[in-house]
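Asks: Once you've had a glance at the structure underneath, I'll fire off some questions.
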Amino acid sequence: MEIALNQANEARIHILGEMNKVMSKARETVSENAPSMAMMKIDPDKIRDVIGKGGAVIRSITEETGASIDIDDDGNIRIYGEDATSRDAAIARVMSITAEAEVGKLYMGKVARIVDFGAFITILPGKDGLVHISQISDERVENIGEYLKEGQEVLVKVSDLDARGRIKLSIKEITEEDKAEYAAAAAAE
């Protein structure tokens with residue numbers, strides 16, 4: 001038995017030596033093509049938004065990204081991707097669904113509809129905010145249609161979130177510095 005254990009130990013040390021010739025230390029990161037997993041936590045109240053009616057939203061994320069998603073009742077989400085790209089795409093979709101508007105932050109939104117007193121802008125999936133007619137331009141606005149059209153993409157700033165969850169937006173409060181920061185952040189992504 002002692003001879004067999006000594007032979008096994010020598011063989012193990014020989015194999016490790018051969019492995020070290022090829023690769024002396026572990027890789028810092030896993031290959032982009034290797035299966036990948038990520039964990040994240042969301043507000044449990046947002047779980048229904050991620051799953052969608054009859055599972056439609058989670059099913060579309062899975063089909064479009066190739067990743068599979070497990071959600072626990074406490075808001076823990078595990079995303080398993082075929083590779084890092086599919087995992088990251090699924091994470092981005094979940095983040096966009098669960099994102100909350102932040103006061104002072106800029107968003108590229110789409111004009112959903114125009115009303116007499118302003119325009120409703122979709123800034124996040126399922127989240128619209130109102131740009132009041134007084135917040136469209138420094139000039140007096142008589143006809144909103146001269147400034148905004150339905151379907152137009154426009155940069156807006158969240159000026160307030162009221163107690164009822166309504167989002168108040170502004171176009172005229174955006175400074176040149178804000179635009180430069182937004183452009184730099186968009187370029188980094």
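All residue names refer to the structure tokens as shown: chains lettered A, B, ... in order, residues numbered from 1 in each chain, ligands numbered from 1 in order.
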Counting only C-alpha atoms, which residues of segment 148-173 of chain A fall within 6 Å of segment 100-120 of chain A, and what is the closest atom pair for each with its distance in Å at one decimal, ordered by chain and rising number, as JSON lines?
Replies:
{"residue": "A:Glu150", "atom": "CA", "partner": "A:Val111", "partner_atom": "CA", "distance": 5.0}
{"residue": "A:Gly151", "atom": "CA", "partner": "A:Val111", "partner_atom": "CA", "distance": 5.1}
{"residue": "A:Gln152", "atom": "CA", "partner": "A:Val111", "partner_atom": "CA", "distance": 5.5}
{"residue": "A:Glu153", "atom": "CA", "partner": "A:Lys110", "partner_atom": "CA", "distance": 4.4}
{"residue": "A:Val154", "atom": "CA", "partner": "A:Gly109", "partner_atom": "CA", "distance": 5.4}
{"residue": "A:Leu155", "atom": "CA", "partner": "A:Met108", "partner_atom": "CA", "distance": 4.5}
{"residue": "A:Val156", "atom": "CA", "partner": "A:Tyr107", "partner_atom": "CA", "distance": 5.5}
{"residue": "A:Lys157", "atom": "CA", "partner": "A:Leu106", "partner_atom": "CA", "distance": 4.4}
{"residue": "A:Val158", "atom": "CA", "partner": "A:Val103", "partner_atom": "CA", "distance": 4.9}
{"residue": "A:Ser159", "atom": "CA", "partner": "A:Val103", "partner_atom": "CA", "distance": 5.6}
{"residue": "A:Asp160", "atom": "CA", "partner": "A:Val103", "partner_atom": "CA", "distance": 5.7}
Asks: Write the residues of the preceding selection, restricted to N, CA and C atoms, as a CSV table (one decimal), in the first residue's frame.
Replies:
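Resulting contents of part_39.csv:
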chain,number,residue,atom,x,y,z
A,150,GLU,N,-44.9,63.1,-32.2
A,150,GLU,CA,-45.1,61.8,-31.7
A,150,GLU,C,-44.1,60.8,-32.4
A,151,GLY,N,-43.4,60.0,-31.6
A,151,GLY,CA,-42.4,59.1,-32.1
A,151,GLY,C,-41.0,59.7,-32.1
A,152,GLN,N,-40.9,61.0,-31.9
A,152,GLN,CA,-39.5,61.6,-31.9
A,152,GLN,C,-38.8,61.3,-30.7
A,153,GLU,N,-37.5,61.0,-30.8
A,153,GLU,CA,-36.6,60.8,-29.7
A,153,GLU,C,-36.1,62.1,-29.2
A,154,VAL,N,-36.1,62.3,-27.9
A,154,VAL,CA,-35.7,63.6,-27.3
A,154,VAL,C,-35.0,63.3,-25.9
A,155,LEU,N,-34.0,64.1,-25.7
A,155,LEU,CA,-33.3,64.1,-24.4
A,155,LEU,C,-34.0,64.8,-23.4
A,156,VAL,N,-34.3,64.2,-22.2
A,156,VAL,CA,-35.1,64.8,-21.1
A,156,VAL,C,-34.4,64.6,-19.8
A,157,LYS,N,-34.7,65.5,-18.9
A,157,LYS,CA,-34.1,65.4,-17.5
A,157,LYS,C,-35.3,65.2,-16.5
A,158,VAL,N,-35.1,64.3,-15.6
A,158,VAL,CA,-36.1,64.1,-14.6
A,158,VAL,C,-36.0,65.2,-13.6
A,159,SER,N,-37.0,66.0,-13.4
A,159,SER,CA,-37.0,67.1,-12.5
A,159,SER,C,-37.6,66.8,-11.2
A,160,ASP,N,-38.5,65.8,-11.2
A,160,ASP,CA,-39.2,65.5,-9.9
A,160,ASP,C,-40.0,64.2,-10.0
Asks: Can you list, as an MDAnalysis selection string, all residues belonging to chain A that DSSP tags as strand (DSSP E or B)?
Replies: chainID A and resid 36:41 68:71 76:81 106:115 118:124 127:132 153:161 167:170
Asks: Please indicate the distance in Å from atom CA of Ile77 of chain A to atom CA of Arg27 of chain A, rounded to one decimal place.
Replies: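 If I compute the distance from atom CA of Ile77 of chain A to atom CA of Arg27 of chain A, I get 26.8 Å.
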Asks: One number please: atom CA of Ile71 of chain A to atom CA of Ile42 of chain A, in Å, one decimal.
Replies: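 Atom CA of Ile42 of chain A lies at a distance of 9.6 Å from atom CA of Ile71 of chain A.
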Asks: Counting only C-alpha atoms, which residues of segment 109-164 of chain A sit at most 12 Å from some atom of segment 92-97 of chain A, and what is each one's closest atom pair with its distance in Å to one decimal, listed by chain and rising residue number, as CSV?
Replies:
residue,atom,partner,partner_atom,distance
A:Ile123,CA,A:Ser96,CA,10.2
A:Leu124,CA,A:Ser96,CA,6.7
A:Pro125,CA,A:Ile97,CA,5.9
A:Gly126,CA,A:Ile97,CA,7.8
A:Lys127,CA,A:Ile97,CA,9.4
Asks: Could those selected residues go to a file with all heavy atoms, as a PDB file, in the first residue's frame?
Replies:
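What ended up in selection-v8.pdb:
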ATOM      1  N   ILE A 123     -39.518  57.048 -21.070  1.00  0.00           N
ATOM      2  CA  ILE A 123     -38.080  57.105 -20.777  1.00  0.00           C
ATOM      3  C   ILE A 123     -37.504  55.742 -20.415  1.00  0.00           C
ATOM      4  O   ILE A 123     -36.308  55.514 -20.569  1.00  0.00           O
ATOM      5  CB  ILE A 123     -37.759  58.127 -19.664  1.00  0.00           C
ATOM      6  CG1 ILE A 123     -38.488  57.798 -18.374  1.00  0.00           C
ATOM      7  CG2 ILE A 123     -38.055  59.535 -20.135  1.00  0.00           C
ATOM      8  CD1 ILE A 123     -38.039  58.602 -17.172  1.00  0.00           C
ATOM      9  N   LEU A 124     -38.331  54.844 -19.908  1.00  0.00           N
ATOM     10  CA  LEU A 124     -37.933  53.472 -19.566  1.00  0.00           C
ATOM     11  C   LEU A 124     -39.083  52.583 -19.999  1.00  0.00           C
ATOM     12  O   LEU A 124     -40.213  53.056 -20.120  1.00  0.00           O
ATOM     13  CB  LEU A 124     -37.705  53.340 -18.051  1.00  0.00           C
ATOM     14  CG  LEU A 124     -36.549  54.123 -17.452  1.00  0.00           C
ATOM     15  CD1 LEU A 124     -36.641  54.139 -15.927  1.00  0.00           C
ATOM     16  CD2 LEU A 124     -35.218  53.547 -17.888  1.00  0.00           C
ATOM     17  N   PRO A 125     -38.833  51.299 -20.227  1.00  0.00           N
ATOM     18  CA  PRO A 125     -39.950  50.427 -20.620  1.00  0.00           C
ATOM     19  C   PRO A 125     -41.095  50.499 -19.613  1.00  0.00           C
ATOM     20  O   PRO A 125     -40.914  50.251 -18.433  1.00  0.00           O
ATOM     21  CB  PRO A 125     -39.306  49.028 -20.618  1.00  0.00           C
ATOM     22  CG  PRO A 125     -37.850  49.283 -20.849  1.00  0.00           C
ATOM     23  CD  PRO A 125     -37.561  50.587 -20.166  1.00  0.00           C
ATOM     24  N   GLY A 126     -42.265  50.895 -20.100  1.00  0.00           N
ATOM     25  CA  GLY A 126     -43.438  51.000 -19.244  1.00  0.00           C
ATOM     26  C   GLY A 126     -43.457  52.213 -18.337  1.00  0.00           C
ATOM     27  O   GLY A 126     -44.310  52.321 -17.477  1.00  0.00           O
ATOM     28  N   LYS A 127     -42.518  53.146 -18.514  1.00  0.00           N
ATOM     29  CA  LYS A 127     -42.451  54.339 -17.656  1.00  0.00           C
ATOM     30  C   LYS A 127     -42.513  55.594 -18.526  1.00  0.00           C
ATOM     31  O   LYS A 127     -41.613  55.868 -19.312  1.00  0.00           O
ATOM     32  CB  LYS A 127     -41.142  54.379 -16.866  1.00  0.00           C
ATOM     33  CG  LYS A 127     -40.929  53.199 -15.979  1.00  0.00           C
ATOM     34  CD  LYS A 127     -41.191  53.577 -14.551  1.00  0.00           C
ATOM     35  CE  LYS A 127     -40.760  52.452 -13.660  1.00  0.00           C
ATOM     36  NZ  LYS A 127     -41.743  51.928 -12.826  1.00  0.00           N
TER      37      LYS A 127
END
Asks: Pick out the residues sitting within 10 Å of Ile91 of chain A, and hand them over as a PyMOL selection string; count only C-alpha atoms, and ignore anything fewer than 2 positions along from it in its own chain.
Replies: chain A and resi 38-40+61+65+67+69+77-81+85-89+93-97
Asks: Hey, what does DSSP flag as alpha helix (DSSP H) within chain A? Can you give it to me as a ChimeraX atom specification?
Replies: /A:2-22,47-51,56-65,84-98,176-188
Asks: Which is closest to Ala34 of chain A among A:Glu2, A:Leu161, A:Glu82, A:Gly52, if we use only C-alpha atoms?
Replies: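 Closest residue, counting only C-alpha atoms: A:Glu82.
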Asks: Taking only C-alpha atoms into account, name the residue in A:Pro44, A:Gly66, A:Gly75, A:Gly129 that is nearest to Ile171 of chain A.
Replies: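 Once distances to Ile171 of chain A are computed over only C-alpha atoms, the minimum belongs to A:Gly129.
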